[in-house]
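The structure file final38.txt is reproduced below (compact mmCIF, N, CA and C atoms).
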# COMPACT_ATOMS: atom_id res chain seq x y z
N MET A 1 81.04 89.09 117.77
CA MET A 1 82.10 88.66 116.88
C MET A 1 83.39 89.41 117.23
N ARG A 2 84.45 88.68 117.45
CA ARG A 2 85.74 89.29 117.79
C ARG A 2 86.41 89.85 116.56
N HIS A 3 87.01 91.02 116.72
CA HIS A 3 87.76 91.66 115.64
C HIS A 3 89.24 91.40 115.87
N THR A 4 89.65 90.19 115.56
CA THR A 4 91.06 89.85 115.77
C THR A 4 91.75 89.59 114.45
N SER A 5 93.00 89.83 114.46
CA SER A 5 93.81 89.57 113.28
C SER A 5 95.20 89.16 113.73
N VAL A 6 95.62 88.02 113.28
CA VAL A 6 96.96 87.55 113.60
C VAL A 6 98.00 88.52 113.04
N ASP A 7 97.73 89.06 111.86
CA ASP A 7 98.67 90.02 111.25
C ASP A 7 98.79 91.28 112.13
N ALA A 8 97.66 91.79 112.62
CA ALA A 8 97.69 92.98 113.48
C ALA A 8 98.47 92.67 114.75
N TYR A 9 98.20 91.51 115.35
CA TYR A 9 98.90 91.11 116.57
C TYR A 9 100.40 91.06 116.33
N ASN A 10 100.82 90.40 115.28
CA ASN A 10 102.25 90.27 114.98
C ASN A 10 102.89 91.62 114.69
N THR A 11 102.21 92.47 113.94
CA THR A 11 102.76 93.79 113.62
C THR A 11 102.94 94.63 114.87
N LEU A 12 101.93 94.63 115.73
CA LEU A 12 102.02 95.41 116.97
C LEU A 12 103.22 95.00 117.81
N HIS A 13 103.48 93.70 117.87
CA HIS A 13 104.60 93.21 118.68
C HIS A 13 105.95 93.38 118.00
N THR A 14 106.03 93.06 116.74
CA THR A 14 107.34 93.11 116.08
C THR A 14 107.81 94.53 115.79
N ASN A 15 106.88 95.47 115.63
CA ASN A 15 107.27 96.85 115.34
C ASN A 15 107.35 97.72 116.59
N GLY A 16 107.19 97.12 117.75
CA GLY A 16 107.36 97.86 118.99
C GLY A 16 106.28 98.88 119.29
N PHE A 17 105.07 98.69 118.76
CA PHE A 17 103.98 99.62 119.04
C PHE A 17 103.56 99.54 120.50
N LEU A 18 103.67 98.36 121.09
CA LEU A 18 103.25 98.16 122.48
C LEU A 18 104.48 97.92 123.35
N THR A 19 104.48 98.54 124.50
CA THR A 19 105.62 98.38 125.40
C THR A 19 105.15 97.90 126.76
N GLY A 20 105.99 97.17 127.44
CA GLY A 20 105.75 96.77 128.82
C GLY A 20 104.37 96.23 129.11
N LEU A 21 103.70 96.90 130.03
CA LEU A 21 102.39 96.45 130.50
C LEU A 21 101.32 96.60 129.42
N GLN A 22 101.49 97.52 128.50
CA GLN A 22 100.55 97.62 127.37
C GLN A 22 100.52 96.29 126.61
N ALA A 23 101.70 95.76 126.34
CA ALA A 23 101.79 94.50 125.59
C ALA A 23 101.15 93.35 126.38
N LYS A 24 101.35 93.35 127.69
CA LYS A 24 100.76 92.28 128.52
C LYS A 24 99.24 92.36 128.52
N VAL A 25 98.69 93.57 128.67
CA VAL A 25 97.23 93.75 128.65
C VAL A 25 96.68 93.35 127.29
N TYR A 26 97.33 93.79 126.22
CA TYR A 26 96.89 93.43 124.87
C TYR A 26 96.90 91.91 124.69
N ASP A 27 97.96 91.25 125.14
CA ASP A 27 98.06 89.79 125.02
C ASP A 27 96.93 89.10 125.77
N VAL A 28 96.63 89.58 126.98
CA VAL A 28 95.56 88.98 127.77
C VAL A 28 94.24 89.08 127.02
N LEU A 29 93.95 90.26 126.48
CA LEU A 29 92.69 90.43 125.74
C LEU A 29 92.70 89.63 124.45
N TYR A 30 93.81 89.60 123.76
CA TYR A 30 93.90 88.85 122.51
C TYR A 30 93.64 87.36 122.75
N ASN A 31 94.22 86.83 123.81
CA ASN A 31 94.12 85.39 124.07
C ASN A 31 92.89 84.98 124.88
N ASN A 32 92.26 85.93 125.61
CA ASN A 32 91.19 85.55 126.53
C ASN A 32 89.95 86.43 126.45
N GLY A 33 90.00 87.51 125.68
CA GLY A 33 88.91 88.48 125.66
C GLY A 33 87.66 87.95 125.01
N PRO A 34 86.59 88.67 125.18
CA PRO A 34 86.47 89.93 125.90
C PRO A 34 86.45 89.73 127.41
N LEU A 35 87.01 90.72 128.11
CA LEU A 35 87.11 90.71 129.57
C LEU A 35 86.85 92.11 130.12
N THR A 36 86.43 92.17 131.39
CA THR A 36 86.38 93.46 132.07
C THR A 36 87.80 93.78 132.54
N GLN A 37 88.04 95.03 132.91
CA GLN A 37 89.37 95.39 133.41
C GLN A 37 89.69 94.59 134.67
N GLY A 38 88.72 94.42 135.54
CA GLY A 38 88.94 93.67 136.78
C GLY A 38 89.31 92.22 136.51
N GLU A 39 88.63 91.60 135.55
CA GLU A 39 88.93 90.21 135.20
C GLU A 39 90.32 90.09 134.61
N ALA A 40 90.67 91.00 133.72
CA ALA A 40 92.01 90.96 133.11
C ALA A 40 93.08 91.03 134.18
N TRP A 41 92.91 91.93 135.11
CA TRP A 41 93.90 92.09 136.18
C TRP A 41 93.89 90.88 137.12
N ASN A 42 92.74 90.53 137.66
CA ASN A 42 92.65 89.50 138.68
C ASN A 42 93.02 88.11 138.17
N GLU A 43 92.56 87.77 136.98
CA GLU A 43 92.75 86.42 136.47
C GLU A 43 94.07 86.23 135.72
N PHE A 44 94.62 87.30 135.15
CA PHE A 44 95.78 87.12 134.28
C PHE A 44 96.99 87.98 134.64
N LEU A 45 96.80 89.07 135.38
CA LEU A 45 97.91 89.97 135.71
C LEU A 45 97.97 90.28 137.20
N PRO A 46 97.77 89.29 138.08
CA PRO A 46 97.72 89.57 139.52
C PRO A 46 99.06 90.00 140.12
N ASP A 47 100.15 89.80 139.40
CA ASP A 47 101.46 90.21 139.92
C ASP A 47 101.68 91.72 139.81
N TYR A 48 100.77 92.41 139.12
CA TYR A 48 100.88 93.86 138.94
C TYR A 48 99.83 94.56 139.80
N GLN A 49 100.11 95.80 140.18
CA GLN A 49 99.14 96.59 140.91
C GLN A 49 98.00 96.97 139.97
N ARG A 50 96.78 96.90 140.48
CA ARG A 50 95.62 97.22 139.64
C ARG A 50 95.72 98.65 139.11
N HIS A 51 96.21 99.58 139.94
CA HIS A 51 96.31 100.97 139.48
C HIS A 51 97.36 101.14 138.38
N SER A 52 98.18 100.12 138.15
CA SER A 52 99.13 100.15 137.04
C SER A 52 98.54 99.53 135.78
N VAL A 53 97.62 98.60 135.96
CA VAL A 53 97.02 97.89 134.83
C VAL A 53 95.90 98.72 134.19
N ASP A 54 95.02 99.29 135.00
CA ASP A 54 93.84 99.98 134.48
C ASP A 54 94.15 101.09 133.47
N PRO A 55 95.15 101.95 133.69
CA PRO A 55 95.41 103.01 132.71
C PRO A 55 95.85 102.50 131.34
N ARG A 56 96.37 101.29 131.28
CA ARG A 56 96.79 100.75 129.99
C ARG A 56 95.60 100.57 129.04
N PHE A 57 94.40 100.34 129.59
CA PHE A 57 93.22 100.19 128.75
C PHE A 57 92.94 101.48 127.99
N ALA A 58 93.01 102.62 128.67
CA ALA A 58 92.78 103.91 128.00
C ALA A 58 93.85 104.17 126.95
N GLU A 59 95.10 103.84 127.27
CA GLU A 59 96.18 104.04 126.30
C GLU A 59 95.96 103.20 125.04
N LEU A 60 95.60 101.94 125.25
CA LEU A 60 95.39 101.04 124.12
C LEU A 60 94.16 101.44 123.31
N ARG A 61 93.12 101.91 124.01
CA ARG A 61 91.93 102.38 123.29
C ARG A 61 92.27 103.61 122.44
N LYS A 62 93.05 104.52 123.01
CA LYS A 62 93.45 105.71 122.28
C LYS A 62 94.23 105.35 121.02
N MET A 63 95.02 104.29 121.09
CA MET A 63 95.78 103.81 119.93
C MET A 63 94.86 103.10 118.93
N GLY A 64 93.66 102.72 119.36
CA GLY A 64 92.72 102.03 118.49
C GLY A 64 92.90 100.54 118.41
N VAL A 65 93.71 99.97 119.32
CA VAL A 65 93.99 98.53 119.24
C VAL A 65 93.08 97.70 120.14
N ILE A 66 92.33 98.35 121.04
CA ILE A 66 91.29 97.67 121.80
C ILE A 66 90.05 98.55 121.79
N GLN A 67 88.91 97.94 122.10
CA GLN A 67 87.65 98.68 122.12
C GLN A 67 86.69 98.01 123.11
N THR A 68 85.66 98.74 123.51
CA THR A 68 84.62 98.14 124.32
C THR A 68 83.66 97.44 123.37
N VAL A 69 83.18 96.28 123.82
CA VAL A 69 82.29 95.48 122.97
C VAL A 69 80.99 95.13 123.69
N GLY A 70 80.71 95.80 124.78
CA GLY A 70 79.49 95.52 125.53
C GLY A 70 79.75 95.67 127.02
N ASP A 71 78.82 95.15 127.80
CA ASP A 71 78.99 95.15 129.25
C ASP A 71 78.29 93.93 129.84
N ARG A 72 78.71 93.58 131.04
CA ARG A 72 78.11 92.48 131.80
C ARG A 72 78.68 92.54 133.20
N PRO A 73 78.08 91.79 134.15
CA PRO A 73 78.66 91.77 135.50
C PRO A 73 80.07 91.17 135.48
N CYS A 74 80.98 91.84 136.14
CA CYS A 74 82.37 91.39 136.25
C CYS A 74 82.42 90.16 137.15
N ARG A 75 83.22 89.18 136.78
CA ARG A 75 83.37 87.97 137.61
C ARG A 75 84.11 88.27 138.91
N LEU A 76 84.85 89.37 138.96
CA LEU A 76 85.58 89.75 140.17
C LEU A 76 84.69 90.52 141.14
N THR A 77 83.98 91.52 140.64
CA THR A 77 83.21 92.42 141.51
C THR A 77 81.71 92.18 141.49
N ASN A 78 81.23 91.47 140.50
CA ASN A 78 79.81 91.24 140.26
C ASN A 78 79.05 92.54 139.95
N VAL A 79 79.78 93.59 139.64
CA VAL A 79 79.21 94.87 139.24
C VAL A 79 79.32 94.97 137.72
N LYS A 80 78.28 95.53 137.08
CA LYS A 80 78.31 95.65 135.62
C LYS A 80 79.53 96.46 135.20
N GLY A 81 80.28 95.92 134.27
CA GLY A 81 81.48 96.58 133.77
C GLY A 81 81.59 96.45 132.27
N LEU A 82 82.41 97.31 131.68
CA LEU A 82 82.64 97.27 130.24
C LEU A 82 83.46 96.04 129.85
N LEU A 83 83.12 95.44 128.75
CA LEU A 83 83.92 94.34 128.19
C LEU A 83 84.86 94.92 127.15
N TRP A 84 86.11 94.53 127.24
CA TRP A 84 87.16 95.01 126.33
C TRP A 84 87.65 93.86 125.47
N ASP A 85 87.96 94.18 124.22
CA ASP A 85 88.52 93.18 123.30
C ASP A 85 89.43 93.89 122.31
N VAL A 86 90.26 93.13 121.64
CA VAL A 86 91.19 93.70 120.66
C VAL A 86 90.46 94.03 119.36
N THR A 87 91.08 94.90 118.59
CA THR A 87 90.59 95.21 117.24
C THR A 87 91.63 94.69 116.25
N ASP A 88 91.35 94.87 114.98
CA ASP A 88 92.35 94.48 113.97
C ASP A 88 93.11 95.70 113.46
N HIS A 89 93.02 96.81 114.20
CA HIS A 89 93.67 98.06 113.81
C HIS A 89 95.15 98.05 114.17
N VAL A 90 95.95 98.58 113.27
CA VAL A 90 97.38 98.79 113.51
C VAL A 90 97.64 100.28 113.28
N PRO A 91 98.15 101.00 114.27
CA PRO A 91 98.42 102.43 114.08
C PRO A 91 99.41 102.65 112.93
N GLU A 92 99.32 103.84 112.32
CA GLU A 92 100.23 104.15 111.20
C GLU A 92 101.66 104.37 111.67
N SER A 93 101.79 104.87 112.89
CA SER A 93 103.13 105.08 113.42
C SER A 93 103.14 104.79 114.92
N LYS A 94 104.32 104.55 115.42
CA LYS A 94 104.48 104.26 116.83
C LYS A 94 104.19 105.53 117.63
N PRO A 95 103.37 105.42 118.69
CA PRO A 95 103.07 106.60 119.50
C PRO A 95 104.34 107.18 120.12
N VAL A 96 104.41 108.48 120.15
CA VAL A 96 105.56 109.16 120.73
C VAL A 96 105.13 109.76 122.05
N HIS A 97 105.82 109.39 123.12
CA HIS A 97 105.51 109.92 124.44
C HIS A 97 106.30 111.20 124.66
N ILE A 98 105.59 112.27 124.95
CA ILE A 98 106.23 113.54 125.24
C ILE A 98 106.02 113.82 126.72
N PRO A 99 107.08 113.79 127.51
CA PRO A 99 106.92 114.04 128.95
C PRO A 99 106.31 115.42 129.20
N LYS A 100 105.41 115.49 130.17
CA LYS A 100 104.74 116.75 130.49
C LYS A 100 105.74 117.82 130.91
N MET A 101 106.76 117.45 131.65
CA MET A 101 107.76 118.43 132.09
C MET A 101 108.45 119.07 130.89
N LYS A 102 108.65 118.32 129.85
CA LYS A 102 109.30 118.85 128.66
C LYS A 102 108.46 119.98 128.06
N LEU A 103 107.15 119.79 128.00
CA LEU A 103 106.28 120.83 127.47
C LEU A 103 106.29 122.06 128.36
N VAL A 104 106.28 121.86 129.66
CA VAL A 104 106.31 123.00 130.59
C VAL A 104 107.62 123.76 130.44
N ASP A 105 108.71 123.04 130.29
CA ASP A 105 110.02 123.68 130.14
C ASP A 105 110.09 124.50 128.85
N GLU A 106 109.42 124.04 127.81
CA GLU A 106 109.52 124.72 126.52
C GLU A 106 108.42 125.75 126.30
N ALA A 107 107.45 125.84 127.19
CA ALA A 107 106.33 126.76 127.02
C ALA A 107 106.76 128.21 126.83
N PRO A 108 107.69 128.74 127.65
CA PRO A 108 108.08 130.14 127.45
C PRO A 108 108.65 130.41 126.05
N ALA A 109 109.44 129.50 125.54
CA ALA A 109 110.02 129.67 124.20
C ALA A 109 108.93 129.62 123.13
N ILE A 110 107.96 128.76 123.32
CA ILE A 110 106.86 128.64 122.35
C ILE A 110 106.02 129.92 122.37
N ILE A 111 105.77 130.42 123.56
CA ILE A 111 104.96 131.64 123.70
C ILE A 111 105.62 132.83 123.01
N THR A 112 106.94 132.91 123.13
CA THR A 112 107.64 134.03 122.48
C THR A 112 107.54 133.98 120.95
N LEU A 113 107.34 132.78 120.42
CA LEU A 113 107.21 132.63 118.97
C LEU A 113 105.85 133.12 118.49
N LEU A 114 104.89 133.18 119.39
CA LEU A 114 103.54 133.60 119.00
C LEU A 114 103.48 135.06 118.91
Could I get this structure in the form of structure tokens?
Amino acid sequence: MRHTSVDAYNTLHTNGFLTGLQAKVYDVLYNNGPLTQGEAWNEFLPDYQRHSVDPRFAELRKMGVIQTVGDRPCRLTNVKGLLWDVTDHVPESKPVHIPKMKLVDEAPAIITLL
């Protein structure tokens, strides 16, 4: 049973929770899931590099908007792979990206506060 919600889909898009390739991966799963990562890339996002598409799955899972729903042989590789699908979850707030360099730059100041 798919855990989809039109309201969740609309909220994620209109409130800017998903950006760039995250939104494209989410849309592919919403409209065609469940799919393996290879199927999502090969069948729906072939204009992008696979190494750019695959990390979006972990990001979206961390946000709680997609989940694994089983496994089966991938239509691309014929190797057993995880099936991904959307959830009806909407995060409470938009994720904030903190660049790693920023943390490294501020580490000495933080340490002095300790």
**Item:** CA of Asp88 in chain A to CA of Thr11 in chain A, straight-line distance in Å
**Value:**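 Going from CA of Thr11 in chain A over to CA of Asp88 in chain A, I get 10.4 Å.
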**Prompt:** chain A: which residues are strand (DSSP E or B) by DSSP, as an NGL selection string?
**Reply:** :A and (35 or 66-73 or 80-86)
Next, the residues of the selection above should be written as a PDB file, in the coordinates of the input with N, CA and C atoms.
ATOM      1  N   LEU A  35      87.010  90.720 128.110  1.00  0.00           N
ATOM      2  CA  LEU A  35      87.110  90.710 129.570  1.00  0.00           C
ATOM      3  C   LEU A  35      86.850  92.110 130.120  1.00  0.00           C
ATOM      4  N   ILE A  66      92.330  98.350 121.040  1.00  0.00           N
ATOM      5  CA  ILE A  66      91.290  97.670 121.800  1.00  0.00           C
ATOM      6  C   ILE A  66      90.050  98.550 121.790  1.00  0.00           C
ATOM      7  N   GLN A  67      88.910  97.940 122.100  1.00  0.00           N
ATOM      8  CA  GLN A  67      87.650  98.680 122.120  1.00  0.00           C
ATOM      9  C   GLN A  67      86.690  98.010 123.110  1.00  0.00           C
ATOM     10  N   THR A  68      85.660  98.740 123.510  1.00  0.00           N
ATOM     11  CA  THR A  68      84.620  98.140 124.320  1.00  0.00           C
ATOM     12  C   THR A  68      83.660  97.440 123.370  1.00  0.00           C
ATOM     13  N   VAL A  69      83.180  96.280 123.820  1.00  0.00           N
ATOM     14  CA  VAL A  69      82.290  95.480 122.970  1.00  0.00           C
ATOM     15  C   VAL A  69      80.990  95.130 123.690  1.00  0.00           C
ATOM     16  N   GLY A  70      80.710  95.800 124.780  1.00  0.00           N
ATOM     17  CA  GLY A  70      79.490  95.520 125.530  1.00  0.00           C
ATOM     18  C   GLY A  70      79.750  95.670 127.020  1.00  0.00           C
ATOM     19  N   ASP A  71      78.820  95.150 127.800  1.00  0.00           N
ATOM     20  CA  ASP A  71      78.990  95.150 129.250  1.00  0.00           C
ATOM     21  C   ASP A  71      78.290  93.930 129.840  1.00  0.00           C
ATOM     22  N   ARG A  72      78.710  93.580 131.040  1.00  0.00           N
ATOM     23  CA  ARG A  72      78.110  92.480 131.800  1.00  0.00           C
ATOM     24  C   ARG A  72      78.680  92.540 133.200  1.00  0.00           C
ATOM     25  N   PRO A  73      78.080  91.790 134.150  1.00  0.00           N
ATOM     26  CA  PRO A  73      78.660  91.770 135.500  1.00  0.00           C
ATOM     27  C   PRO A  73      80.070  91.170 135.480  1.00  0.00           C
ATOM     28  N   LYS A  80      78.280  95.530 137.080  1.00  0.00           N
ATOM     29  CA  LYS A  80      78.310  95.650 135.620  1.00  0.00           C
ATOM     30  C   LYS A  80      79.530  96.460 135.200  1.00  0.00           C
ATOM     31  N   GLY A  81      80.280  95.920 134.270  1.00  0.00           N
ATOM     32  CA  GLY A  81      81.480  96.580 133.770  1.00  0.00           C
ATOM     33  C   GLY A  81      81.590  96.450 132.270  1.00  0.00           C
ATOM     34  N   LEU A  82      82.410  97.310 131.680  1.00  0.00           N
ATOM     35  CA  LEU A  82      82.640  97.270 130.240  1.00  0.00           C
ATOM     36  C   LEU A  82      83.460  96.040 129.850  1.00  0.00           C
ATOM     37  N   LEU A  83      83.120  95.440 128.750  1.00  0.00           N
ATOM     38  CA  LEU A  83      83.920  94.340 128.190  1.00  0.00           C
ATOM     39  C   LEU A  83      84.860  94.920 127.150  1.00  0.00           C
ATOM     40  N   TRP A  84      86.110  94.530 127.240  1.00  0.00           N
ATOM     41  CA  TRP A  84      87.160  95.010 126.330  1.00  0.00           C
ATOM     42  C   TRP A  84      87.650  93.860 125.470  1.00  0.00           C
ATOM     43  N   ASP A  85      87.960  94.180 124.220  1.00  0.00           N
ATOM     44  CA  ASP A  85      88.520  93.180 123.300  1.00  0.00           C
ATOM     45  C   ASP A  85      89.430  93.890 122.310  1.00  0.00           C
ATOM     46  N   VAL A  86      90.260  93.130 121.640  1.00  0.00           N
ATOM     47  CA  VAL A  86      91.190  93.700 120.660  1.00  0.00           C
ATOM     48  C   VAL A  86      90.460  94.030 119.360  1.00  0.00           C
TER      49      VAL A  86
END
**Item:** Among the residues A:Val79, A:Val69, A:Arg61, A:Thr87, the one that comes closest to Leu35 in chain A [using all atoms listed in the file]
**Value:**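 Answer, going by the shortest atom-to-atom distance: A:Val69.
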**Item:** Distance of atom N of Gln22 in chain A from CA of Leu82 in chain A, expressed in Å to one decimal place
**Value:** 18.9 Å
**Prompt:** When you draw a straight line from atom C of Ser5 in chain A to atom C of Gly38 in chain A, how long is it in Å?
**Reply:**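 Taking atom C of Ser5 in chain A as the start and atom C of Gly38 in chain A as the end point, the length is 23.7 Å.
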**Asked** Out of A:Asn31, A:Thr68, A:Thr77, A:Asn15, which residue has the shortest atom-to-atom distance to Phe44 in chain A when counting only C-alpha atoms?
**Response**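 Among A:Asn31, A:Thr68, A:Thr77, A:Asn15, it is A:Asn31 that comes nearest to Phe44 in chain A.
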**Message:** Taking only N, CA and C atoms into account, name the residue in A:Val53, A:Val65, A:Leu21, A:Ile111 that is nearest to Gln37 in chain A.
**Reply:**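 Smallest distance to Gln37 in chain A is found for A:Val53.
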**Asked** Neighbours of Leu60 in chain A within 10 Å (only C-alpha atoms; same-chain residues fewer than 3 positions away dropped), as a list in words?
**Response**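 Using only C-alpha atoms, the neighbours found are Leu18, Gln22, Ala23, Val25, Tyr26, Pro55, Arg56, Phe57, Met63, Gly64, Val65, Ile66, Gln67 and Val86 of chain A.
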**Request:** May I ask which of the residues A:Phe17, A:Glu59, A:Pro108, A:Asn78 is the closest one to Glu39 in chain A, counting only C-alpha atoms?
**Result:**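 Counting only C-alpha atoms, the residue closest to Glu39 in chain A is A:Asn78.
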**Prompt:** From the list A:Thr19, A:Ala40, A:Asp7, A:Asp27, which residue is nearest Cys74 in chain A when using only C-alpha atoms?
**Reply:**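 The shortest atom-to-atom distance to Cys74 in chain A comes from A:Ala40.
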**Request:** Identify which of the residues A:Tyr48, A:His89, A:Leu113, A:Lys80 lies closest to Asn10 in chain A, counting only C-alpha atoms when measuring atom-to-atom distances.
**Result:**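 For Asn10 in chain A, the nearest of the candidates is A:His89.
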As a PDB file, in the frame of the given file, the rebuilt range 66-75 of chain A with all heavy atoms:
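What landed in out.pdb:
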ATOM      1  N   ILE A  66      92.330  98.350 121.040  1.00  0.00           N
ATOM      2  CA  ILE A  66      91.290  97.670 121.800  1.00  0.00           C
ATOM      3  C   ILE A  66      90.050  98.550 121.790  1.00  0.00           C
ATOM      4  O   ILE A  66      90.125  99.751 121.516  1.00  0.00           O
ATOM      5  CB  ILE A  66      91.700  97.312 123.252  1.00  0.00           C
ATOM      6  CG1 ILE A  66      91.851  98.557 124.120  1.00  0.00           C
ATOM      7  CG2 ILE A  66      92.945  96.448 123.281  1.00  0.00           C
ATOM      8  CD1 ILE A  66      92.019  98.251 125.615  1.00  0.00           C
ATOM      9  N   GLN A  67      88.910  97.940 122.100  1.00  0.00           N
ATOM     10  CA  GLN A  67      87.650  98.680 122.120  1.00  0.00           C
ATOM     11  C   GLN A  67      86.690  98.010 123.110  1.00  0.00           C
ATOM     12  O   GLN A  67      86.891  96.852 123.475  1.00  0.00           O
ATOM     13  CB  GLN A  67      87.013  98.700 120.741  1.00  0.00           C
ATOM     14  CG  GLN A  67      86.587  97.319 120.258  1.00  0.00           C
ATOM     15  CD  GLN A  67      86.045  97.333 118.847  1.00  0.00           C
ATOM     16  OE1 GLN A  67      85.846  98.370 118.265  1.00  0.00           O
ATOM     17  NE2 GLN A  67      85.796  96.153 118.286  1.00  0.00           N
ATOM     18  N   THR A  68      85.660  98.740 123.510  1.00  0.00           N
ATOM     19  CA  THR A  68      84.620  98.140 124.320  1.00  0.00           C
ATOM     20  C   THR A  68      83.660  97.440 123.370  1.00  0.00           C
ATOM     21  O   THR A  68      83.382  97.919 122.266  1.00  0.00           O
ATOM     22  CB  THR A  68      83.873  99.176 125.171  1.00  0.00           C
ATOM     23  OG1 THR A  68      83.318 100.174 124.324  1.00  0.00           O
ATOM     24  CG2 THR A  68      84.794  99.805 126.197  1.00  0.00           C
ATOM     25  N   VAL A  69      83.180  96.280 123.820  1.00  0.00           N
ATOM     26  CA  VAL A  69      82.290  95.480 122.970  1.00  0.00           C
ATOM     27  C   VAL A  69      80.990  95.130 123.690  1.00  0.00           C
ATOM     28  O   VAL A  69      80.268  94.245 123.244  1.00  0.00           O
ATOM     29  CB  VAL A  69      83.009  94.200 122.472  1.00  0.00           C
ATOM     30  CG1 VAL A  69      84.143  94.546 121.530  1.00  0.00           C
ATOM     31  CG2 VAL A  69      83.499  93.342 123.633  1.00  0.00           C
ATOM     32  N   GLY A  70      80.710  95.800 124.780  1.00  0.00           N
ATOM     33  CA  GLY A  70      79.490  95.520 125.530  1.00  0.00           C
ATOM     34  C   GLY A  70      79.750  95.670 127.020  1.00  0.00           C
ATOM     35  O   GLY A  70      80.764  96.221 127.445  1.00  0.00           O
ATOM     36  N   ASP A  71      78.820  95.150 127.800  1.00  0.00           N
ATOM     37  CA  ASP A  71      78.990  95.150 129.250  1.00  0.00           C
ATOM     38  C   ASP A  71      78.290  93.930 129.840  1.00  0.00           C
ATOM     39  O   ASP A  71      77.430  93.335 129.209  1.00  0.00           O
ATOM     40  CB  ASP A  71      78.463  96.449 129.866  1.00  0.00           C
ATOM     41  CG  ASP A  71      77.001  96.705 129.539  1.00  0.00           C
ATOM     42  OD1 ASP A  71      76.166  95.801 129.711  1.00  0.00           O
ATOM     43  OD2 ASP A  71      76.683  97.828 129.112  1.00  0.00           O
ATOM     44  N   ARG A  72      78.710  93.580 131.040  1.00  0.00           N
ATOM     45  CA  ARG A  72      78.110  92.480 131.800  1.00  0.00           C
ATOM     46  C   ARG A  72      78.680  92.540 133.200  1.00  0.00           C
ATOM     47  O   ARG A  72      79.688  93.223 133.450  1.00  0.00           O
ATOM     48  CB  ARG A  72      78.376  91.133 131.145  1.00  0.00           C
ATOM     49  CG  ARG A  72      79.813  90.692 131.184  1.00  0.00           C
ATOM     50  CD  ARG A  72      79.921  89.191 130.915  1.00  0.00           C
ATOM     51  NE  ARG A  72      81.264  88.807 130.587  1.00  0.00           N
ATOM     52  CZ  ARG A  72      82.279  88.749 131.461  1.00  0.00           C
ATOM     53  NH1 ARG A  72      82.096  89.070 132.727  1.00  0.00           N
ATOM     54  NH2 ARG A  72      83.486  88.385 131.073  1.00  0.00           N
ATOM     55  N   PRO A  73      78.080  91.790 134.150  1.00  0.00           N
ATOM     56  CA  PRO A  73      78.660  91.770 135.500  1.00  0.00           C
ATOM     57  C   PRO A  73      80.070  91.170 135.480  1.00  0.00           C
ATOM     58  O   PRO A  73      80.317  90.138 134.862  1.00  0.00           O
ATOM     59  CB  PRO A  73      77.697  90.878 136.284  1.00  0.00           C
ATOM     60  CG  PRO A  73      76.404  90.970 135.538  1.00  0.00           C
ATOM     61  CD  PRO A  73      76.797  91.108 134.084  1.00  0.00           C
ATOM     62  N   CYS A  74      80.980  91.840 136.140  1.00  0.00           N
ATOM     63  CA  CYS A  74      82.370  91.390 136.250  1.00  0.00           C
ATOM     64  C   CYS A  74      82.420  90.160 137.150  1.00  0.00           C
ATOM     65  O   CYS A  74      81.773  90.119 138.193  1.00  0.00           O
ATOM     66  CB  CYS A  74      83.216  92.529 136.825  1.00  0.00           C
ATOM     67  SG  CYS A  74      84.930  92.101 137.155  1.00  0.00           S
ATOM     68  N   ARG A  75      83.220  89.180 136.780  1.00  0.00           N
ATOM     69  CA  ARG A  75      83.370  87.970 137.610  1.00  0.00           C
ATOM     70  C   ARG A  75      84.110  88.270 138.910  1.00  0.00           C
ATOM     71  O   ARG A  75      84.003  87.519 139.872  1.00  0.00           O
ATOM     72  CB  ARG A  75      84.098  86.882 136.828  1.00  0.00           C
ATOM     73  CG  ARG A  75      83.306  86.351 135.650  1.00  0.00           C
ATOM     74  CD  ARG A  75      83.958  85.131 135.015  1.00  0.00           C
ATOM     75  NE  ARG A  75      85.249  85.402 134.437  1.00  0.00           N
ATOM     76  CZ  ARG A  75      85.480  85.581 133.138  1.00  0.00           C
ATOM     77  NH1 ARG A  75      84.477  85.557 132.287  1.00  0.00           N
ATOM     78  NH2 ARG A  75      86.696  85.802 132.695  1.00  0.00           N
TER      79      ARG A  75
END
